[in-house]
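Shown below: target.cif, with mmCIF, C-alpha atoms and all ligand atoms.
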data_start
loop_
_atom_site.label_atom_id
_atom_site.label_comp_id
_atom_site.auth_asym_id
_atom_site.auth_seq_id
_atom_site.Cartn_x
_atom_site.Cartn_y
_atom_site.Cartn_z
CA MET A 1 72.21 116.14 86.01
CA THR A 2 75.07 114.97 88.15
CA GLN A 3 77.68 112.94 86.37
CA LYS A 4 77.60 109.25 87.15
CA LYS A 5 80.73 107.94 88.79
CA ARG A 6 83.07 105.95 86.61
CA ILE A 7 83.62 102.21 87.08
CA VAL A 8 86.23 100.13 85.30
CA SER A 9 86.60 96.37 85.31
CA GLY A 10 88.10 93.75 83.07
CA MET A 11 87.95 90.01 82.53
CA ARG A 12 90.58 87.78 81.00
CA PRO A 13 89.26 85.84 77.98
CA THR A 14 90.29 82.37 79.08
CA GLY A 15 87.17 80.46 77.99
CA PRO A 16 83.38 80.36 78.05
CA LEU A 17 81.78 81.91 81.12
CA HIS A 18 80.11 79.71 83.71
CA LEU A 19 77.71 80.19 86.60
CA GLY A 20 80.62 80.82 88.95
CA ASN A 21 81.66 83.80 86.82
CA TYR A 22 78.06 84.95 86.66
CA HIS A 23 77.30 84.89 90.38
CA GLY A 24 80.82 85.92 91.33
CA ALA A 25 81.14 88.98 89.08
CA LEU A 26 78.85 89.44 86.11
CA ALA A 27 75.58 89.66 88.05
CA ASN A 28 77.07 92.58 89.93
CA TRP A 29 78.45 94.20 86.78
CA ILE A 30 74.97 94.04 85.29
CA ARG A 31 73.33 95.47 88.40
CA ILE A 32 75.60 98.50 88.71
CA GLN A 33 75.17 99.51 85.07
CA GLU A 34 72.26 101.76 86.04
CA ALA A 35 74.00 103.70 88.76
CA TYR A 36 77.49 104.09 87.29
CA ASP A 37 79.23 104.99 84.07
CA CYS A 38 80.70 101.53 83.50
CA PHE A 39 83.69 100.68 81.33
CA TYR A 40 83.99 96.91 80.93
CA PHE A 41 86.70 95.40 78.82
CA ILE A 42 88.07 92.07 77.70
CA ALA A 43 91.64 91.90 78.98
CA ASP A 44 93.25 90.02 76.10
CA TRP A 45 96.75 91.36 76.77
CA HIS A 46 96.36 90.07 80.31
CA ALA A 47 95.45 86.64 78.94
CA LEU A 48 98.76 86.72 77.10
CA THR A 49 100.71 87.03 80.35
CA SER A 50 99.91 83.42 81.19
CA ASP A 51 99.07 82.00 77.73
CA TYR A 52 101.92 83.47 75.73
CA GLU A 53 103.19 80.05 74.70
CA ASP A 54 99.97 79.20 72.96
CA PRO A 55 97.90 82.30 72.26
CA ARG A 56 95.83 80.77 69.45
CA MET A 57 92.64 80.46 71.50
CA ILE A 58 92.62 84.00 72.85
CA GLU A 59 90.91 85.55 69.83
CA ALA A 60 88.11 82.98 69.84
CA HIS A 61 87.65 83.49 73.56
CA VAL A 62 87.39 87.26 73.07
CA ARG A 63 84.55 86.75 70.64
CA GLY A 64 82.88 84.17 72.89
CA MET A 65 83.21 86.43 75.89
CA MET A 66 81.55 89.34 74.12
CA LEU A 67 78.66 87.02 73.18
CA ASP A 68 78.45 85.79 76.77
CA TRP A 69 78.41 89.38 78.04
CA LEU A 70 75.72 90.55 75.65
CA SER A 71 73.56 87.50 76.27
CA VAL A 72 73.52 87.85 80.07
CA GLY A 73 72.64 91.53 79.95
CA LEU A 74 75.69 93.73 79.78
CA SER A 75 74.27 96.49 77.67
CA PRO A 76 76.13 98.42 74.97
CA GLU A 77 73.66 101.27 75.49
CA LYS A 78 74.30 101.59 79.21
CA SER A 79 77.96 100.63 79.37
CA THR A 80 81.12 100.96 77.34
CA LEU A 81 82.13 97.45 76.29
CA PHE A 82 85.52 97.15 74.66
CA ILE A 83 88.62 95.08 74.01
CA GLN A 84 91.85 96.06 75.76
CA SER A 85 94.27 95.44 72.89
CA ARG A 86 92.22 97.66 70.58
CA ILE A 87 93.16 100.67 72.68
CA LYS A 88 96.91 101.00 72.21
CA GLU A 89 97.02 103.78 74.81
CA HIS A 90 96.88 101.04 77.48
CA ALA A 91 100.29 99.86 76.31
CA GLU A 92 101.71 103.38 76.31
CA LEU A 93 100.48 104.16 79.80
CA PHE A 94 101.72 100.76 80.99
CA LEU A 95 105.18 101.62 79.67
CA ILE A 96 105.22 104.98 81.42
CA LEU A 97 103.89 103.57 84.69
CA SER A 98 106.50 100.81 84.59
CA MET A 99 109.17 103.52 84.84
CA ILE A 100 107.85 104.69 88.21
CA THR A 101 106.85 101.35 89.77
CA PRO A 102 109.40 99.89 92.19
CA VAL A 103 109.97 96.19 91.55
CA PRO A 104 109.53 95.27 95.26
CA TRP A 105 105.89 96.45 95.08
CA LEU A 106 105.36 93.77 92.44
CA GLU A 107 107.42 91.08 94.12
CA ARG A 108 105.50 91.30 97.36
CA ASN A 109 102.09 91.17 95.65
CA PRO A 110 100.26 88.24 97.32
CA THR A 111 98.32 87.34 94.16
CA TYR A 112 101.60 87.05 92.26
CA LYS A 113 103.19 84.91 94.95
CA ASP A 114 100.15 82.61 95.09
CA GLN A 115 100.03 82.13 91.36
CA MET A 116 103.75 81.44 91.09
CA VAL A 117 103.24 78.55 93.51
CA GLN A 118 99.91 77.30 92.19
CA ILE A 119 100.38 77.45 88.43
CA GLN A 120 103.01 74.83 87.72
CA ASN A 121 102.28 73.92 84.11
CA LYS A 122 103.36 77.32 82.74
CA ASP A 123 106.59 79.24 82.99
CA LEU A 124 105.51 82.48 84.62
CA SER A 125 108.98 83.77 85.42
CA THR A 126 108.53 86.53 82.85
CA PHE A 127 108.81 90.28 83.07
CA GLY A 128 105.23 90.60 81.78
CA PHE A 129 103.76 88.37 84.45
CA LEU A 130 105.54 90.23 87.22
CA GLY A 131 104.38 93.49 85.68
CA TYR A 132 100.76 92.36 85.37
CA PRO A 133 99.52 94.80 88.05
CA VAL A 134 101.17 97.72 86.23
CA LEU A 135 99.16 96.93 83.11
CA GLN A 136 96.08 96.60 85.28
CA ALA A 137 96.83 99.98 86.87
CA ALA A 138 97.05 101.49 83.38
CA ASP A 139 93.66 99.94 82.49
CA ILE A 140 92.06 101.48 85.52
CA ILE A 141 93.54 104.95 85.81
CA MET A 142 93.31 105.51 82.04
CA TYR A 143 89.59 106.08 82.60
CA LYS A 144 90.08 107.89 85.94
CA ALA A 145 87.92 105.29 87.60
CA PHE A 146 86.38 105.91 90.97
CA GLY A 147 85.71 102.23 91.62
CA VAL A 148 86.76 98.79 90.45
CA PRO A 149 84.32 95.92 91.06
CA VAL A 150 86.51 92.86 91.65
CA GLY A 151 86.79 89.67 93.63
CA MET A 152 88.91 89.33 96.77
CA ASP A 153 91.89 87.95 94.82
CA GLN A 154 92.14 91.23 92.89
CA VAL A 155 92.20 93.58 95.88
CA PRO A 156 96.04 93.62 96.01
CA HIS A 157 96.06 94.72 92.36
CA VAL A 158 93.75 97.62 93.10
CA GLU A 159 95.96 98.52 96.06
CA ILE A 160 99.03 98.61 93.79
CA THR A 161 97.01 100.72 91.35
CA ARG A 162 96.36 103.25 94.11
CA GLU A 163 100.03 103.35 94.99
CA ILE A 164 101.05 103.85 91.37
CA ALA A 165 98.43 106.59 90.88
CA ARG A 166 99.67 108.34 94.01
CA ARG A 167 103.24 108.12 92.82
CA PHE A 168 102.39 109.50 89.39
CA ASN A 169 100.42 112.35 90.93
CA SER A 170 103.19 113.34 93.30
CA LEU A 171 105.89 113.18 90.61
CA TYR A 172 104.11 114.89 87.72
CA GLY A 173 100.80 116.42 88.78
CA GLU A 174 97.49 115.45 90.31
CA ILE A 175 95.45 113.97 87.49
CA PHE A 176 94.53 110.49 88.63
CA PRO A 177 91.94 109.74 91.31
CA GLU A 178 92.87 106.79 93.53
CA PRO A 179 90.37 104.08 92.65
CA GLN A 180 88.79 101.91 95.28
CA ALA A 181 87.99 98.22 95.08
CA ILE A 182 84.27 97.53 95.18
CA LEU A 183 83.72 94.19 96.82
CA THR A 184 80.27 92.73 96.68
CA GLU A 185 78.51 89.97 98.51
CA THR A 186 78.27 87.19 96.01
CA SER A 187 76.61 83.83 96.30
CA LYS A 188 79.27 81.16 96.31
CA ILE A 189 78.53 78.73 93.58
CA LEU A 190 80.45 75.49 93.76
CA GLY A 191 81.21 73.13 90.91
CA THR A 192 79.71 69.66 90.51
CA ASP A 193 82.50 68.20 92.66
CA ARG A 194 82.02 70.85 95.38
CA ARG A 195 85.29 72.54 94.57
CA LYS A 196 85.34 76.12 93.29
CA MET A 197 83.64 76.22 89.89
CA SER A 198 86.37 76.40 87.30
CA LYS A 199 86.96 75.46 83.70
CA SER A 200 90.19 73.72 84.62
CA TYR A 201 88.45 71.49 87.18
CA ASN A 202 85.93 70.34 84.58
CA ASN A 203 83.11 70.93 87.07
CA ALA A 204 81.33 73.92 85.57
CA ILE A 205 77.93 74.75 84.16
CA TYR A 206 78.26 77.25 81.32
CA LEU A 207 75.96 80.15 80.48
CA SER A 208 75.75 78.80 76.95
CA ASP A 209 74.98 75.19 77.93
CA SER A 210 71.92 73.57 76.36
CA PRO A 211 69.19 72.15 78.65
CA LYS A 212 70.53 68.71 77.77
CA ALA A 213 74.08 69.62 78.76
CA ILE A 214 72.79 71.19 81.98
CA ALA A 215 70.83 68.04 82.85
CA ALA A 216 73.88 65.87 82.18
CA THR A 217 76.14 68.01 84.36
CA VAL A 218 73.62 68.27 87.19
CA THR A 219 73.30 64.47 87.23
CA GLN A 220 76.98 64.31 88.15
CA MET A 221 76.71 66.73 91.05
CA ILE A 222 77.79 65.49 94.45
CA THR A 223 74.90 65.82 96.91
CA ASP A 224 74.92 65.24 100.67
CA PRO A 225 77.95 62.91 100.93
CA GLN A 226 76.36 61.16 103.94
CA ARG A 227 73.33 60.16 101.93
CA ALA A 228 74.32 56.88 100.28
CA ARG A 229 70.87 55.44 99.61
CA LYS A 230 67.55 57.03 98.80
CA SER A 231 66.15 55.63 102.08
CA ASP A 232 68.74 57.59 104.08
CA PRO A 233 67.52 60.98 105.23
CA GLY A 234 69.50 63.81 103.66
CA ASN A 235 70.75 67.18 104.86
CA PRO A 236 70.08 69.98 102.39
CA ASP A 237 72.29 72.36 104.38
CA VAL A 238 75.41 70.58 103.17
CA CYS A 239 74.13 69.86 99.67
CA ASN A 240 75.33 71.84 96.67
CA VAL A 241 72.24 70.91 94.66
CA PHE A 242 70.19 72.58 97.35
CA THR A 243 72.29 75.74 97.09
CA PHE A 244 71.30 75.88 93.44
CA HIS A 245 67.64 75.31 94.38
CA ARG A 246 67.80 78.35 96.61
CA ILE A 247 68.74 80.44 93.59
CA TYR A 248 66.69 78.84 90.84
CA THR A 249 63.62 77.24 92.47
CA ASN A 250 60.59 79.04 93.86
CA PRO A 251 60.57 79.41 97.67
CA ASP A 252 57.56 77.11 98.30
CA LYS A 253 59.18 74.30 96.39
CA VAL A 254 62.50 74.97 98.15
CA ALA A 255 60.76 74.57 101.51
CA GLU A 256 59.13 71.36 100.35
CA ILE A 257 62.43 69.92 99.12
CA ASP A 258 64.09 70.94 102.38
CA ALA A 259 61.48 68.98 104.36
CA THR A 260 61.17 65.93 102.11
CA CYS A 261 64.94 65.54 101.77
CA ARG A 262 65.25 65.31 105.55
CA THR A 263 62.53 62.63 105.72
CA ALA A 264 63.91 60.75 102.72
CA GLU A 265 60.68 61.22 100.82
CA ILE A 266 62.43 62.79 97.87
CA GLY A 267 65.44 61.16 96.24
CA CYS A 268 68.46 62.95 94.82
CA VAL A 269 67.70 61.87 91.28
CA GLU A 270 64.30 63.51 91.29
CA CYS A 271 65.59 66.52 93.21
CA LYS A 272 68.32 67.09 90.63
CA LYS A 273 65.84 66.75 87.80
CA ILE A 274 63.75 69.56 89.22
CA MET A 275 66.78 71.76 89.75
CA ALA A 276 68.16 71.13 86.26
CA GLN A 277 64.80 72.08 84.75
CA ASN A 278 64.57 75.30 86.71
CA LEU A 279 68.16 76.20 85.93
CA ALA A 280 67.67 75.50 82.21
CA GLN A 281 64.55 77.66 82.31
CA ALA A 282 66.38 80.51 84.02
CA LEU A 283 69.08 80.35 81.36
CA ALA A 284 66.60 80.19 78.46
CA PRO A 285 66.57 83.97 77.86
CA VAL A 286 70.38 83.97 77.95
CA ARG A 287 70.51 81.23 75.32
CA GLU A 288 67.96 83.08 73.19
CA LYS A 289 69.89 86.31 73.30
CA ARG A 290 73.08 84.47 72.48
CA ALA A 291 71.45 82.92 69.41
CA TYR A 292 70.23 86.38 68.41
CA TYR A 293 73.71 87.86 68.50
CA GLU A 294 75.33 84.79 66.98
CA GLN A 295 73.11 85.25 63.95
CA ARG A 296 74.10 88.91 63.67
CA PRO A 297 77.90 89.11 63.46
CA LYS A 298 77.64 92.56 61.87
CA LEU A 299 75.73 93.91 64.83
CA VAL A 300 78.27 92.45 67.26
CA HIS A 301 81.04 93.98 65.19
CA GLU A 302 79.34 97.38 65.39
CA ILE A 303 78.86 97.08 69.14
CA ILE A 304 82.56 96.35 69.58
CA GLU A 305 83.56 99.19 67.25
CA SER A 306 81.39 101.67 69.06
CA GLY A 307 82.54 100.56 72.52
CA CYS A 308 86.20 100.70 71.47
CA GLY A 309 85.60 104.11 69.91
CA ARG A 310 84.15 105.48 73.13
CA ALA A 311 86.96 104.03 75.24
CA ARG A 312 89.58 105.31 72.82
CA GLY A 313 88.14 108.82 73.05
CA VAL A 314 88.67 108.88 76.81
CA ALA A 315 92.06 107.16 76.59
CA GLU A 316 93.38 109.63 74.01
CA LYS A 317 92.42 112.54 76.23
CA THR A 318 94.10 111.01 79.26
CA MET A 319 97.26 110.30 77.31
CA GLU A 320 97.44 113.87 76.04
CA GLU A 321 97.42 115.02 79.65
CA VAL A 322 100.01 112.41 80.61
CA ARG A 323 102.34 113.31 77.73
CA ALA A 324 102.07 116.99 78.57
CA LEU A 325 102.95 116.30 82.20
CA ILE A 326 105.97 114.13 81.45
CA ARG A 327 107.01 116.34 78.51
CA ILE A 328 107.35 113.48 76.06
CA GLU A 329 105.69 113.69 72.67
CA SER A 330 103.37 116.29 74.04
CA ARG A 331 101.68 118.67 71.62
CA LYS A 332 103.21 121.53 73.55
CA THR A 333 106.85 120.69 72.76
N1 LIG B 401 93.29 90.94 86.69
C1 LIG B 401 91.88 90.78 86.48
C2 LIG B 401 91.50 89.32 86.68
O1 LIG B 401 92.32 88.45 86.50
C3 LIG B 401 91.47 91.23 85.10
C4 LIG B 401 91.74 92.68 84.89
C5 LIG B 401 92.66 93.21 84.02
C6 LIG B 401 91.09 93.77 85.53
N2 LIG B 401 92.62 94.55 84.08
C7 LIG B 401 91.69 94.94 85.00
C8 LIG B 401 90.09 93.86 86.51
C9 LIG B 401 91.28 96.21 85.42
C10 LIG B 401 89.70 95.13 86.93
C11 LIG B 401 90.29 96.29 86.40
O2 LIG B 401 90.37 89.05 86.98
FE1 LIG B 402 70.56 67.30 98.03
FE2 LIG B 402 68.17 67.15 96.97
FE3 LIG B 402 69.54 64.92 97.52
FE4 LIG B 402 68.55 66.39 99.48
S1 LIG B 402 67.39 65.31 97.92
S2 LIG B 402 70.61 65.54 99.38
S3 LIG B 402 68.75 68.46 98.66
S4 LIG B 402 70.05 66.48 96.03
#

Before we go any further, please render this structure as C-alpha cells.
Amino acid sequence: MTQKKRIVSGMRPTGPLHLGNYHGALANWIRIQEAYDCFYFIADWHALTSDYEDPRMIEAHVRGMMLDWLSVGLSPEKSTLFIQSRIKEHAELFLILSMITPVPWLERNPTYKDQMVQIQNKDLSTFGFLGYPVLQAADIIMYKAFGVPVGMDQVPHVEITREIARRFNSLYGEIFPEPQAILTETSKILGTDRRKMSKSYNNAIYLSDSPKAIAATVTQMITDPQRARKSDPGNPDVCNVFTFHRIYTNPDKVAEIDATCRTAEIGCVECKKIMAQNLAQALAPVREKRAYYEQRPKLVHEIIESGCGRARGVAEKTMEEVRALIRIESRKT
C-alpha cells in the first residue's frame, strides 16, 4: 500500500463554529479525510496571540470545538485530532525556528499588516503576534506535511512556512518538505446581514443551533433589498436566502422558488420558512451526534488523548532529528 500523503491544518478556538466555517473549511477537511493522512488540531496557543488579555474562554472553546468537529464528521478513526498546547514540541520547534526567521519576513506579511489595521480593540503590538507565522510553521513542518488546506487569508502564512523550511534545510540538513497551500472552491455563505458570516458581526447560524434558533435567525435575513412588498417581484439571484436554498433545498423546489419569487407568487416569509426547515433538517444529524458526544465526556476525553498521543509520537521523532541536526540536547552528545 502506498502511504497516504500528510495534511496538516489548524483552527483557532475562538467560539462555536457556524455555517461559514463549515462551508469555508470544515466540509473540505471532512472530504479529504479519505484520501490523506490528516492531522487536524485546535490552535489554542494561536488563540492566545490575540486573546492574551482575557484567555478565560479559550478552554471552553477548545472543548466546544472538539464537539463541533466530531458532530460534523471529522473522524478520530480516519484522522488525528489533537490540541496544539498538549504537544509541547510545537513550542520547542517554534523557539528554534524563531532563531532563523528574519524579522522583515514577518513584518511584510500581508495578513499581519491587515490585522494590525483591522483589529483595533486589542493591543497586538506583541512579539507573539508578530511571530504568529513562525508558530504556524512549527505546527506544519513538525508533521512534515505535504499540504495545508487553508483559506486565502492564510496563504501568506504557508508561504512563510515554506521559506522557513527551506532555510532550516539549507542551514542544518534536508529534513522538511516544503508544504503547499491547498485552496479549495468553497461556497460563499453570507451572514444574515449579507456581510461575511462571523461571530463578531452577530449574523451567524451555528452548527449547534436548535431548529427554533435557526428559524429565528433566518427570519432576520435580508432578502432581495429591492423587494419591499410581497407584491413586488423578487430577484433570487441577489438573495442570500436563495443561496441557502441552493444548498439545502431539493432542486425541483429551488426551481419553483426561483420562478415564483420572480412573479411575486411566493413571499419572503414563506420562502424563509421553507429554507429554515430544510436547513434545520440538514443539521439534525449534526445535532444528534453532538448530543451523543455531550453525554459521553469520557469518550471525548479518550478521543483527545489518543489523538494527542498519535501527534506526540510524530512530533517527538521530528524533534529528535531536529536536536541532532542543531546539536542541542541531542541524544548523540
Ligand atoms: N492561522 C490559522 C487561522 O487563523 C490557524 C492555524 C494555526 C493553522 N496553525 C496552523 C492553519 C497550521 C493551518 C496550519 O486560521
Ligand atoms: Fe429571496 Fe425567497 Fe424572498 Fe425571493 S422569495 S426574495 S428568494 S427570500

Item to check | Nearby residues, ligand LIG 402 (chain B), 9 Å, all atoms listed in the file, as a PyMOL selection string | outcome: chain A and resi 221-227+230+233-243+245+257-262+264-272+275

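In this comparison, which uses all atoms listed in the file, the residue of A:Ser208, A:Thr318, A:Gln136, A:Ser50 approaching A:Arg287 most closely is A:Ser208.
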
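Take atom CA of A:Tyr292 and atom CA of A:Ile205: the distance between them is 21.0 Å.
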
Checklist entry - Given the choices A:Ser79, A:Ser231, A:Thr101, A:Gln277, which gets closest to A:Ala165 if the distance is worked out from all atoms listed in the file? => result A:Thr101

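Once stretch 148-157 of chain A and its same-chain neighbours fewer than 6 positions away are set aside, A:Ile7, A:Val8, A:Ser9, A:Asn109, A:Pro110, A:Thr111, A:Pro133, A:Pro179, A:Gln180, A:Ala181, A:Ile182, A:Leu183 remain within 7 Å of it when counting only C-alpha atoms.
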
Around all listed atoms of ligand LIG 401 (chain B), padded 8 Å per side, what centre and edge lengths does the axis-aligned box have in Å to one decimal, as JSON?
{"center_x": 91.5, "center_y": 92.4, "center_z": 85.5, "size_x": 19.6, "size_y": 23.8, "size_z": 19.0}

Next on the checklist: What's around stretch 85-94 of chain A at 8 Å? Count only C-alpha atoms, leave out sequence neighbours fewer than 6 positions away in its own chain, and write the answer as an MDAnalysis selection string.
Outcome noted: chainID A and resid 43:45 134:135 137:139 142 308 311:312 315:316 319

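In this comparison, which uses all atoms listed in the file, the residue of A:Ile100, A:Ala145, A:Ala324, A:Ala228 approaching A:Ile164 most closely is A:Ile100.
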
Checklist entry - Do you have the atom CA of A:Glu53-atom CA of A:Thr14 distance handy? => result 13.8 Å

Item to check | Two-atom distance - atom CA of A:Tyr206, atom CA of A:Glu305 (Å) | outcome: 26.6 Å

Checklist entry - What's the 12 Å shell around stretch 210-213 of chain A, counting only C-alpha atoms, without same-chain residues fewer than 2 positions away, as a PyMOL selection string? => result chain A and resi 204-208+215-220+273+275-288+290-291

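Of the residues listed (A:Ile326, A:Leu26, A:Leu124, A:Ile141), A:Leu26 shows the shortest atom-to-atom separation from A:Ser71; distances use all atoms listed in the file.
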
Item to check | Residue list as a ChimeraX atom specification for point (107.4, 91.0, 84.2), cut-off 12 Å, all atoms listed in the file | outcome: /A:46,48-50,94-95,98,101,103,106-107,112,123-135

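Distances here use all atoms listed in the file; by that measure, the residue among A:Thr192, A:Gln120, A:Gln115, A:Ser200 closest to ligand LIG 401 (chain B) is A:Gln115.
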
Item to check | Nearest residue to ligand LIG 401 (chain B) from the set A:Arg56, A:Asp68, A:Trp105, A:Gly147 (distances using only C-alpha atoms and all ligand atoms) | outcome: A:Gly147

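When the distance limit is 10 Å and only C-alpha atoms are what count, the residues near A:Phe168, minus those fewer than 6 positions from it on the same chain, are Ile96, Leu97, Ile100, Thr101, Arg162, Glu174, Ile175, Phe176, Val322, Leu325 and Ile326 of chain A.
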
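Close to (92.4, 85.0, 71.3), meaning no more than 10 Å away when counting all atoms listed in the file, sit the residues Pro13, Thr14, Gly15, Asp44, Trp45, Ala47, Leu48, Asp51, Asp54, Pro55, Arg56, Met57, Ile58, Glu59, Ala60, His61, Val62, Arg63 and Gly64 of chain A.
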